[in-house]
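What's in structure_5.pdb: PDB, C-alpha atoms
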ATOM      1  CA  VAL A   1      25.962 -13.436  18.703
ATOM      2  CA  CYS A   2      27.088 -15.446  15.655
ATOM      3  CA  LEU A   3      23.750 -17.289  15.500
ATOM      4  CA  TRP A   4      21.899 -13.967  15.679
ATOM      5  CA  ILE A   5      23.959 -12.572  12.772
ATOM      6  CA  ILE A   6      23.316 -15.730  10.736
ATOM      7  CA  LYS A   7      19.600 -15.544  11.510
ATOM      8  CA  ILE A   8      19.427 -11.875  10.418
ATOM      9  CA  SER A   9      21.397 -12.663   7.227
ATOM     10  CA  ILE A  10      19.104 -15.558   6.285
ATOM     11  CA  HIS A  11      16.016 -13.497   7.098
ATOM     12  CA  SER A  12      17.171 -10.596   4.898
ATOM     13  CA  MET A  13      17.966 -12.990   1.993
ATOM     14  CA  ILE A  14      14.513 -14.615   2.154
ATOM     15  CA  PHE A  15      12.416 -11.496   2.742
ATOM     16  CA  ARG A  16      14.363  -9.022   0.639
ATOM     17  CA  SER A  17      12.199  -6.496  -1.176
ATOM     18  CA  ASN A  18      12.751  -6.256  -4.887
ATOM     19  CA  TYR A  19       9.624  -4.333  -5.933
ATOM     20  CA  GLU A  20      10.248  -1.413  -8.237
ATOM     21  CA  THR A  21       7.567   1.082  -9.198
ATOM     22  CA  CYS A  22       6.907   1.894 -12.802
ATOM     23  CA  GLY A  23       4.609   4.331 -14.563
ATOM     24  CA  LYS A  24       3.508   7.735 -13.413
ATOM     25  CA  ASP A  25       0.569   9.137 -11.506
ATOM     26  CA  GLN A  26      -2.185  10.175 -13.915
ATOM     27  CA  GLY A  27      -3.769  12.514 -11.362
ATOM     28  CA  ILE A  28      -7.114  10.664 -11.534
ATOM     29  CA  PRO A  29      -8.442   9.353  -8.214
ATOM     30  CA  PHE A  30      -9.657   5.746  -8.533
ATOM     31  CA  SER A  31     -13.079   6.711  -7.196
ATOM     32  CA  ASP A  32     -13.545   9.170 -10.110
ATOM     33  CA  VAL A  33     -13.157   6.512 -12.821
ATOM     34  CA  ALA A  34     -16.458   6.098 -14.686
ATOM     35  CA  THR A  35     -16.003   2.351 -15.235
ATOM     36  CA  ILE A  36     -15.108   1.501 -11.633
ATOM     37  CA  SER A  37     -15.753  -2.109 -10.680
ATOM     38  CA  SER A  38     -14.820  -4.389  -7.855
ATOM     39  CA  TYR A  39     -14.907  -8.046  -6.942
ATOM     40  CA  VAL A  40     -18.172  -9.000  -5.253
ATOM     41  CA  PRO A  41     -18.457 -12.714  -4.366
ATOM     42  CA  GLU A  42     -21.313 -14.169  -6.411
ATOM     43  CA  VAL A  43     -22.970 -17.543  -6.879
ATOM     44  CA  LYS A  44     -24.468 -18.239 -10.309
ATOM     45  CA  SER A  45     -27.925 -19.789 -10.297
ATOM     46  CA  ASP A  46     -30.129 -21.224 -13.041
ATOM     47  CA  VAL A  47     -33.184 -20.142 -11.035
ATOM     48  CA  PHE A  48     -32.362 -16.433 -10.704
ATOM     49  CA  SER A  49     -31.805 -13.939 -13.519
ATOM     50  CA  TYR A  50     -28.909 -12.380 -11.633
ATOM     51  CA  PRO A  51     -26.196 -13.946  -9.447
ATOM     52  CA  LEU A  52     -26.770 -14.491  -5.739
ATOM     53  CA  LEU A  53     -24.479 -12.389  -3.550
ATOM     54  CA  ALA A  54     -22.297 -14.173  -0.986
ATOM     55  CA  VAL A  55     -21.762 -10.969   0.987
ATOM     56  CA  ASP A  56     -23.830  -8.745   3.259
ATOM     57  CA  THR A  57     -25.036  -6.029   0.875
ATOM     58  CA  GLU A  58     -26.063  -3.559   3.578
ATOM     59  CA  ASP A  59     -22.921  -1.404   3.460
ATOM     60  CA  VAL A  60     -21.871  -2.031  -0.153
ATOM     61  CA  ASP A  61     -22.166   0.957  -2.485
ATOM     62  CA  ASP A  62     -24.405   0.182  -5.480
ATOM     63  CA  GLU A  63     -21.718   1.532  -7.825
ATOM     64  CA  LEU A  64     -19.438  -1.410  -6.961
ATOM     65  CA  TYR A  65     -21.659  -4.031  -8.603
ATOM     66  CA  GLU A  66     -21.135  -4.833 -12.269
ATOM     67  CA  TRP A  67     -24.825  -5.493 -12.925
ATOM     68  CA  LYS A  68     -28.178  -3.933 -12.014
ATOM     69  CA  ASP A  69     -31.592  -5.560 -11.748
ATOM     70  CA  PRO A  70     -34.113  -2.883 -12.750
ATOM     71  CA  ASP A  71     -36.842  -4.507 -10.638
ATOM     72  CA  LYS A  72     -35.166  -5.615  -7.409
ATOM     73  CA  LEU A  73     -32.660  -4.287  -4.894
ATOM     74  CA  TYR A  74     -29.309  -6.022  -4.398
ATOM     75  CA  SER A  75     -30.528  -7.157  -0.983
ATOM     76  CA  TYR A  76     -32.978  -9.480  -2.766
ATOM     77  CA  TYR A  77     -29.966 -11.514  -3.955
ATOM     78  CA  ASP A  78     -28.141 -11.336  -0.584
ATOM     79  CA  LEU A  79     -27.498 -14.891   0.701
ATOM     80  CA  THR A  80     -26.629 -13.629   4.191
ATOM     81  CA  ARG A  81     -30.271 -12.669   4.711
ATOM     82  CA  ASP A  82     -31.391 -16.174   3.777
ATOM     83  CA  ALA A  83     -28.795 -17.693   6.109
ATOM     84  CA  ARG A  84     -29.992 -15.540   9.006
ATOM     85  CA  GLU A  85     -33.575 -16.665   8.408
ATOM     86  CA  ILE A  86     -32.666 -20.348   8.067
ATOM     87  CA  LEU A  87     -30.250 -20.412  11.016
ATOM     88  CA  LYS A  88     -32.213 -18.247  13.466
ATOM     89  CA  GLU A  89     -33.756 -21.321  15.103
ATOM     90  CA  THR A  90     -30.343 -22.878  15.692
ATOM     91  CA  MET A  91     -29.485 -19.966  18.002
ATOM     92  CA  MET A  92     -26.286 -19.366  16.020
ATOM     93  CA  PRO A  93     -24.935 -15.931  16.963
ATOM     94  CA  GLU A  94     -25.135 -13.175  14.331
ATOM     95  CA  ASP A  95     -21.340 -12.739  14.224
ATOM     96  CA  LYS A  96     -20.894 -16.476  13.528
ATOM     97  CA  ILE A  97     -23.369 -16.324  10.633
ATOM     98  CA  LYS A  98     -21.610 -13.229   9.305
ATOM     99  CA  SER A  99     -18.246 -15.043   9.431
ATOM    100  CA  LEU A 100     -19.561 -17.663   6.991
ATOM    101  CA  PHE A 101     -19.616 -15.078   4.202
ATOM    102  CA  SER A 102     -17.184 -12.705   2.545
ATOM    103  CA  THR A 103     -16.796  -9.129   3.718
ATOM    104  CA  ILE A 104     -16.453  -6.098   1.478
ATOM    105  CA  LYS A 105     -15.025  -2.842   2.768
ATOM    106  CA  HIS A 106     -15.457   0.371   0.829
ATOM    107  CA  TRP A 107     -14.367   3.808   1.924
ATOM    108  CA  PRO A 108     -15.655   6.364  -0.555
ATOM    109  CA  PRO A 109     -13.672   9.593  -0.474
ATOM    110  CA  ASP A 110     -14.954  12.583   1.469
ATOM    111  CA  GLN A 111     -16.052  15.244  -0.976
ATOM    112  CA  GLY A 112     -14.426  18.038   1.045
ATOM    113  CA  LEU A 113     -10.891  16.615   1.032
ATOM    114  CA  SER A 114      -8.177  17.578  -1.414
ATOM    115  CA  ASP A 115      -7.388  15.330  -4.385
ATOM    116  CA  MET A 116      -4.278  14.111  -2.633
ATOM    117  CA  HIS A 117      -6.279  12.589   0.196
ATOM    118  CA  ALA A 118      -9.679  12.058  -1.414
ATOM    119  CA  GLY A 119      -9.103   9.190  -3.827
ATOM    120  CA  GLY A 120      -6.383   7.301  -2.046
ATOM    121  CA  LEU A 121      -5.667   5.141  -5.093
ATOM    122  CA  ARG A 122      -4.833   6.774  -8.408
ATOM    123  CA  LEU A 123      -4.536   5.456 -11.927
ATOM    124  CA  VAL A 124      -0.991   4.883 -13.104
ATOM    125  CA  ASP A 125       0.322   4.619 -16.664
ATOM    126  CA  GLU A 126       1.104   1.019 -17.512
ATOM    127  CA  CYS A 127       4.721  -0.042 -17.201
ATOM    128  CA  ARG A 128       6.829   0.093 -20.322
TER
END
Show the structure stored in the file as structure tokens.
Amino acid sequence: VCLWIIKISIHSMIFRSNYETCGKDQGIPFSDVATISSYVPEVKSDVFSYPLLAVDTEDVDDELYEWKDPDKLYSYYDLTRDAREILKETMMPEDKIKSLFSTIKHWPPDQGLSDMHAGGLRLVDECR
């Protein structure tokens, strides 16, 4: 029993939460911000005008990219498509090829939901 109490005490000292919120809800869902951007893994190239994308672009919303090629789709820069083509003769399974690259998940809000549920994340005043 004593060892259990010591273990719990040590655990609570190490993993104690000390996060305090600051700021206030601005009432603006994150998805409604005009300058929304996100991190998309990219590889710079001297050969291409735009960066190559180290992520499967199939399910990524076009609004999440910080650049736009007026002539080509984002899939043109998608390295996962090249990898599939190069590795198809090695008989590497699709899920293994997919695991070699980053994954982006995006859940745009449903238009019919209330503001409380629609945006999920909201802008907050900076801490003072």
For this session: Could you check how far CA of Ser49 in chain A sits from CA of Trp67 in chain A, in Å to one decimal?
Result: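 Between CA of Ser49 in chain A and CA of Trp67 in chain A the gap is 11.0 Å.
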Problem set entry | Selected residue, from A:Ser37, A:Asp56, A:Gly23, A:Lys7, that lies nearest to Phe101 in chain A when counting only C-alpha atoms |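 Smallest distance to Phe101 in chain A is found for A:Asp56.
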Problem set entry | Selection result of the PyMOL selection byres ((chain A and resi 59) around 9) on this file, as a PyMOL selection string | chain A and resi 56-58+60-61+104-106
Problem set entry | Atomic separation - CA of Tyr39 in chain A relative to CA of Lys24 in chain A, Å | 25.1 Å
For this session: Mind listing whatever residues come within 12 Å of the point (-27.0, -12.8, -2.7)? Use only C-alpha atoms, file coordinates, and give them as a VMD selection string.
Result: chain A and resid 40 to 45 48 to 58 65 72 to 83 101 to 102
Just C-alpha atoms for this one: save the residues we selected as a PDB file, keeping the file's coordinate frame.
ATOM      1  CA  VAL A  40     -18.172  -9.000  -5.253  1.00  0.00           C
ATOM      2  CA  PRO A  41     -18.457 -12.714  -4.366  1.00  0.00           C
ATOM      3  CA  GLU A  42     -21.313 -14.169  -6.411  1.00  0.00           C
ATOM      4  CA  VAL A  43     -22.970 -17.543  -6.879  1.00  0.00           C
ATOM      5  CA  LYS A  44     -24.468 -18.239 -10.309  1.00  0.00           C
ATOM      6  CA  SER A  45     -27.925 -19.789 -10.297  1.00  0.00           C
ATOM      7  CA  PHE A  48     -32.362 -16.433 -10.704  1.00  0.00           C
ATOM      8  CA  SER A  49     -31.805 -13.939 -13.519  1.00  0.00           C
ATOM      9  CA  TYR A  50     -28.909 -12.380 -11.633  1.00  0.00           C
ATOM     10  CA  PRO A  51     -26.196 -13.946  -9.447  1.00  0.00           C
ATOM     11  CA  LEU A  52     -26.770 -14.491  -5.739  1.00  0.00           C
ATOM     12  CA  LEU A  53     -24.479 -12.389  -3.550  1.00  0.00           C
ATOM     13  CA  ALA A  54     -22.297 -14.173  -0.986  1.00  0.00           C
ATOM     14  CA  VAL A  55     -21.762 -10.969   0.987  1.00  0.00           C
ATOM     15  CA  ASP A  56     -23.830  -8.745   3.259  1.00  0.00           C
ATOM     16  CA  THR A  57     -25.036  -6.029   0.875  1.00  0.00           C
ATOM     17  CA  GLU A  58     -26.063  -3.559   3.578  1.00  0.00           C
ATOM     18  CA  TYR A  65     -21.659  -4.031  -8.603  1.00  0.00           C
ATOM     19  CA  LYS A  72     -35.166  -5.615  -7.409  1.00  0.00           C
ATOM     20  CA  LEU A  73     -32.660  -4.287  -4.894  1.00  0.00           C
ATOM     21  CA  TYR A  74     -29.309  -6.022  -4.398  1.00  0.00           C
ATOM     22  CA  SER A  75     -30.528  -7.157  -0.983  1.00  0.00           C
ATOM     23  CA  TYR A  76     -32.978  -9.480  -2.766  1.00  0.00           C
ATOM     24  CA  TYR A  77     -29.966 -11.514  -3.955  1.00  0.00           C
ATOM     25  CA  ASP A  78     -28.141 -11.336  -0.584  1.00  0.00           C
ATOM     26  CA  LEU A  79     -27.498 -14.891   0.701  1.00  0.00           C
ATOM     27  CA  THR A  80     -26.629 -13.629   4.191  1.00  0.00           C
ATOM     28  CA  ARG A  81     -30.271 -12.669   4.711  1.00  0.00           C
ATOM     29  CA  ASP A  82     -31.391 -16.174   3.777  1.00  0.00           C
ATOM     30  CA  ALA A  83     -28.795 -17.693   6.109  1.00  0.00           C
ATOM     31  CA  PHE A 101     -19.616 -15.078   4.202  1.00  0.00           C
ATOM     32  CA  SER A 102     -17.184 -12.705   2.545  1.00  0.00           C
TER      33      SER A 102
END
For this session: Skip Thr35 in chain A itself and residues of its chain fewer than 4 positions away, then list as a list in words all residues within 10 Å of it, counting all atoms listed in the file.
Result: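 So, after excluding close chain neighbours, the residues are Phe30, Ser31, Glu63, Leu64 and Glu66 of chain A.
If you look at CA of Asp95 in chain A and CA of Asp62 in chain A, they are 23.8 Å away from each other.
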